[in-house]
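Report on one structure; see the data block that follows.
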Amino acid sequence: MAATKILLVDDDEMLNTIMRSLLAREGFDITVACNVREALKLISSERYDVLLSDLHMPGAADGLTVISAMRHLNPNAIAVLLTSFPEMDVAAQAILRQADEIMIKRTDPTELVESIKRRIASGTTYSRPKLESVATILERAAPSCIEDWFLEVQLDRKLSLVPLTPEQRCGHLPQVFRDLVARLRAALPFGSQGAVSPSAANHGLTRRRQGYSAAMMVEESRILQVCIFHTLEKNLASIDFSVLLSQVMTIADEVDSQLRQAMECYVEESVADSLPA
């Protein structure tokens, strides 16, 4: 019977040496990666039964990236997250990415190996989630994403100086999301321009009349992209990775296109206002 293949991903060289020795002594076939890039390369080229990944390498959530990749390419593997900081928010994120278990690195290495053996014996609890298109996710999550955007804008010192009602602040966004979803579903060849948006043009005129500066409009657009990408991050487990990059680039292009159309009308209105009556 072939030995259980384990991929250990950690940037702590001393721990790697100890764990490799202990796991090999127990009869496991152990491979070590010292960073996310090495781990992703191995995951894409080899098949492992177990993934043991540190959370911080050195980024605050690098281990979640590794687990997400393993779940996408080999959903039947047992995935264990190793962390020195068992905080509840980290645990919640790990569950979102479908880690089988979170183990504390401060545990004695021998006890850690025993915990790993028990987890291997009980098997994975992971169930592959139903995949959704990015368009479907944005369509479903648009209200909560708009709410997140509104809260971020309210916290911005300069943007909050313009006194607007929630409807005045956010009224353009439902149509922005409808345009985004329509463009994603159109599946146009990469590099194609999005459709002209009368709503974007009207938004530029409205913001001009509400007292926004051009820089403020750009900042609002930047915050929107951040909120959209955070929404996708929350739904990472149900996204098809093979199309994710192209979809993200399409989203960024559409948001920038709408900003350009809004700014063109904003500038035209500014020029008209500066002309003699």
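The chains in the structure tokens are called A, B, ... from first to last as shown; in each chain the residues are counted from 1, and the ligands are counted from 1 in the order shown.
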
Spatial neighbours of Ile223 of chain A, max dist 8 Å, only C-alpha atoms, sep filter under 4 positions, as a PDB file with C-alpha atoms, in the first residue's frame:
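File written: out_2.pdb
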```pdb
ATOM      1  CA  TRP A 149     -19.437  50.643  -0.266  1.00  0.00           C
ATOM      2  CA  GLU A 152     -16.604  52.956   3.367  1.00  0.00           C
ATOM      3  CA  VAL A 153     -17.561  56.195   1.619  1.00  0.00           C
ATOM      4  CA  GLU A 219     -11.937  57.726  -5.185  1.00  0.00           C
ATOM      5  CA  CYS A 227     -15.754  46.281  -2.338  1.00  0.00           C
TER       6      CYS A 227
END
```

Surrounding residues of Ala201 of chain A excluding itself and chain neighbours under 5 positions, 7 Å, only C-alpha atoms, as a list in words: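 Contacts, in chain order: Gln261, Ala262 and Cys265 of chain A.
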
Output N, CA and C atoms for every residue in that selection, as a compact mmCIF listing (two decimals), in the first residue's frame.
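Output file part.txt follows:
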```
# COMPACT_ATOMS: atom_id res chain seq x y z
N GLN A 261 -16.81 57.44 -18.76
CA GLN A 261 -18.02 58.05 -19.32
C GLN A 261 -18.59 59.12 -18.38
N ALA A 262 -18.56 58.83 -17.10
CA ALA A 262 -19.04 59.80 -16.12
C ALA A 262 -18.16 61.05 -16.11
N CYS A 265 -18.74 63.51 -19.12
CA CYS A 265 -19.90 64.38 -18.92
C CYS A 265 -19.64 65.41 -17.82
```

Measuring between only C-alpha atoms, which one of A:Pro109, A:Gly194, A:Gly59, A:Pro163 shows the shortest distance to Gln258 of chain A? A:Gly194

Hey, what does DSSP flag as helix (DSSP H, G or I) within segment 2-246 of chain A? Can you give it to me as a ChimeraX atom specification? /A:13-25,36-45,62-73,88-96,109-122,134-155,159-161,166-170,173-186,198-210,214-234,236-238,241-246

Expected file contents, prior selection, C-alpha atoms, as a compact mmCIF listing (two decimals), in the first residue's frame:
```
# COMPACT_ATOMS: atom_id res chain seq x y z
CA GLU A 13 12.65 26.14 8.24
CA MET A 14 13.23 24.74 11.73
CA LEU A 15 9.65 23.54 12.05
CA ASN A 16 9.83 22.05 8.56
CA THR A 17 12.91 20.03 9.51
CA ILE A 18 11.29 18.74 12.71
CA MET A 19 7.97 17.93 11.09
CA ARG A 20 9.57 16.25 8.08
CA SER A 21 11.57 13.98 10.38
CA LEU A 22 8.62 13.10 12.62
CA LEU A 23 6.18 12.46 9.75
CA ALA A 24 8.70 10.45 7.73
CA ARG A 25 9.36 8.31 10.84
CA VAL A 36 3.07 30.01 -1.51
CA ARG A 37 4.63 29.99 -4.97
CA GLU A 38 6.38 26.65 -4.38
CA ALA A 39 3.20 25.22 -2.89
CA LEU A 40 1.01 26.23 -5.84
CA LYS A 41 3.51 24.74 -8.28
CA LEU A 42 3.52 21.42 -6.41
CA ILE A 43 -0.26 21.34 -6.02
CA SER A 44 -0.70 21.84 -9.76
CA SER A 45 1.76 19.09 -10.69
CA ASP A 62 -1.29 33.11 2.60
CA GLY A 63 -2.34 29.71 3.90
CA LEU A 64 -5.92 30.35 2.78
CA THR A 65 -4.66 30.84 -0.78
CA VAL A 66 -2.90 27.49 -0.64
CA ILE A 67 -5.95 25.71 0.75
CA SER A 68 -8.20 27.29 -1.87
CA ALA A 69 -5.91 26.04 -4.64
CA MET A 70 -5.85 22.52 -3.17
CA ARG A 71 -9.65 22.46 -2.85
CA HIS A 72 -9.97 23.50 -6.48
CA LEU A 73 -7.51 20.94 -7.89
CA MET A 88 -11.99 33.76 15.71
CA ASP A 89 -11.89 35.88 12.53
CA VAL A 90 -9.15 33.68 11.15
CA ALA A 91 -11.15 30.59 12.02
CA ALA A 92 -14.18 31.98 10.21
CA GLN A 93 -12.15 32.67 7.08
CA ALA A 94 -10.62 29.21 7.18
CA ILE A 95 -14.05 27.61 7.41
CA LEU A 96 -15.11 29.69 4.44
CA PRO A 109 5.51 18.76 17.46
CA THR A 110 4.96 15.17 18.58
CA GLU A 111 1.43 15.98 19.73
CA LEU A 112 0.86 17.85 16.48
CA VAL A 113 1.83 14.76 14.49
CA GLU A 114 -0.59 12.66 16.55
CA SER A 115 -3.36 15.17 15.83
CA ILE A 116 -2.54 14.97 12.14
CA LYS A 117 -2.70 11.18 12.23
CA ARG A 118 -6.11 11.32 13.89
CA ARG A 119 -7.36 13.72 11.25
CA ILE A 120 -6.06 11.45 8.46
CA ALA A 121 -7.82 8.49 10.06
CA SER A 122 -11.14 10.33 10.19
CA VAL A 134 -19.00 35.65 -11.08
CA ALA A 135 -22.03 37.33 -12.68
CA THR A 136 -24.42 35.32 -10.51
CA ILE A 137 -22.43 36.12 -7.36
CA LEU A 138 -22.45 39.85 -8.09
CA GLU A 139 -26.14 39.78 -8.94
CA ARG A 140 -26.94 38.04 -5.65
CA ALA A 141 -24.53 40.05 -3.51
CA ALA A 142 -25.13 43.50 -5.05
CA PRO A 143 -27.23 44.86 -2.12
CA SER A 144 -24.67 43.86 0.53
CA CYS A 145 -21.78 45.10 -1.63
CA ILE A 146 -23.50 48.46 -2.07
CA GLU A 147 -24.03 48.64 1.68
CA ASP A 148 -20.32 47.95 2.28
CA TRP A 149 -19.44 50.64 -0.27
CA PHE A 150 -21.71 53.17 1.42
CA LEU A 151 -20.11 52.53 4.81
CA GLU A 152 -16.60 52.96 3.37
CA VAL A 153 -17.56 56.19 1.62
CA GLN A 154 -19.10 57.54 4.82
CA LEU A 155 -15.79 56.92 6.59
CA LEU A 159 -16.26 62.27 0.49
CA SER A 160 -18.32 62.58 3.65
CA LEU A 161 -18.03 66.37 3.49
CA PRO A 166 -28.18 57.33 1.13
CA GLU A 167 -30.31 57.38 -2.02
CA GLN A 168 -28.37 60.30 -3.47
CA ARG A 169 -25.08 58.63 -2.57
CA CYS A 170 -25.90 55.13 -3.81
CA LEU A 173 -25.00 51.69 -8.08
CA PRO A 174 -27.84 49.21 -8.80
CA GLN A 175 -27.53 50.07 -12.50
CA VAL A 176 -23.72 49.76 -12.31
CA PHE A 177 -24.16 46.20 -11.04
CA ARG A 178 -26.74 45.42 -13.73
CA ASP A 179 -24.28 46.66 -16.36
CA LEU A 180 -21.47 44.60 -14.80
CA VAL A 181 -23.57 41.44 -14.75
CA ALA A 182 -24.71 41.98 -18.35
CA ARG A 183 -21.14 42.43 -19.57
CA LEU A 184 -19.87 39.37 -17.71
CA ARG A 185 -22.67 37.24 -19.15
CA ALA A 186 -22.05 38.56 -22.66
CA PRO A 198 -26.45 56.44 -20.23
CA SER A 199 -26.57 55.88 -16.48
CA ALA A 200 -22.81 56.51 -16.18
CA ALA A 201 -23.12 59.74 -18.16
CA ASN A 202 -25.97 60.92 -15.97
CA HIS A 203 -23.96 60.02 -12.88
CA GLY A 204 -21.17 62.36 -13.98
CA LEU A 205 -23.63 65.22 -14.40
CA THR A 206 -25.26 64.48 -11.06
CA ARG A 207 -21.99 64.37 -9.12
CA ARG A 208 -20.91 67.65 -10.69
CA ARG A 209 -24.13 69.32 -9.54
CA GLN A 210 -23.81 67.76 -6.08
CA ALA A 214 -13.03 64.91 -10.12
CA ALA A 215 -10.70 63.35 -7.54
CA MET A 216 -13.67 62.45 -5.34
CA MET A 217 -15.34 60.62 -8.22
CA VAL A 218 -12.17 58.64 -8.87
CA GLU A 219 -11.94 57.73 -5.19
CA GLU A 220 -15.55 56.53 -5.11
CA SER A 221 -14.81 54.32 -8.12
CA ARG A 222 -11.71 52.92 -6.44
CA ILE A 223 -13.69 52.05 -3.31
CA LEU A 224 -16.29 50.33 -5.48
CA GLN A 225 -13.69 48.07 -7.06
CA VAL A 226 -12.28 47.20 -3.63
CA CYS A 227 -15.75 46.28 -2.34
CA ILE A 228 -16.48 44.15 -5.41
CA PHE A 229 -13.22 42.25 -5.05
CA HIS A 230 -13.86 41.72 -1.32
CA THR A 231 -17.25 40.28 -2.28
CA LEU A 232 -15.57 37.85 -4.68
CA GLU A 233 -13.03 36.93 -1.98
CA LYS A 234 -15.88 36.00 0.37
CA LEU A 236 -13.93 32.28 -3.48
CA ALA A 237 -14.84 28.70 -2.65
CA SER A 238 -17.69 28.68 -5.17
CA PHE A 241 -10.71 29.45 -10.85
CA SER A 242 -10.21 28.85 -14.58
CA VAL A 243 -12.22 31.99 -15.44
CA LEU A 244 -11.58 34.09 -12.35
CA LEU A 245 -8.70 36.17 -13.72
CA SER A 246 -10.47 37.10 -16.95
```

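In this model, the gap between atom CA of Thr125 of chain A and atom CA of Asn35 of chain A comes to 25.8 Å.
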
Do you know which residues are at most 9 Å from Phe28 of chain A counting only C-alpha atoms, after dropping those on the same chain fewer than 6 positions away, and could you put them as a ChimeraX atom specification? /A:3-6

Export of the given selection (C-alpha atoms) as a PDB file, in the first residue's frame:
```pdb
ATOM      1  CA  ALA A   3       2.359   5.786   1.774  1.00  0.00           C
ATOM      2  CA  THR A   4       0.089   8.737   2.485  1.00  0.00           C
ATOM      3  CA  LYS A   5       1.461  11.762   0.625  1.00  0.00           C
ATOM      4  CA  ILE A   6       1.641  14.957   2.685  1.00  0.00           C
TER       5      ILE A   6
END
```

So which residues of segment 52-92 of chain A fall under strand (DSSP E) by DSSP, listed as an mmCIF file with C-alpha atoms, in the first residue's frame?
```cif
data_model
loop_
_atom_site.group_PDB
_atom_site.id
_atom_site.type_symbol
_atom_site.label_atom_id
_atom_site.label_comp_id
_atom_site.auth_asym_id
_atom_site.auth_seq_id
_atom_site.Cartn_x
_atom_site.Cartn_y
_atom_site.Cartn_z
ATOM 1 C CA LEU A 52 -0.621 21.030 6.093
ATOM 2 C CA SER A 53 -0.312 24.777 5.575
ATOM 3 C CA ASP A 54 0.815 27.602 7.810
ATOM 4 C CA ILE A 78 -7.453 16.608 3.808
ATOM 5 C CA ALA A 79 -6.590 20.270 4.418
ATOM 6 C CA VAL A 80 -5.248 21.377 7.798
ATOM 7 C CA LEU A 81 -4.429 24.979 8.631
ATOM 8 C CA LEU A 82 -1.543 25.593 11.066
ATOM 9 C CA THR A 83 -1.551 28.856 12.996
#
```

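Shortest atom-to-atom contact with Phe190 of chain A among A:Glu254, A:Asp12, A:Asp49, A:Glu132: A:Glu254, counting only C-alpha atoms.
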
Please, what distance in Å, to one decimal, runs between atom CA of Leu7 of chain A and atom CA of Glu46 of chain A?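 Taking atom CA of Leu7 of chain A as the start and atom CA of Glu46 of chain A as the end point, the length is 9.7 Å.
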
Quick one: distance from atom CA of Ser197 of chain A to atom CA of Arg260 of chain A in Å, one decimal? 10.5 Å
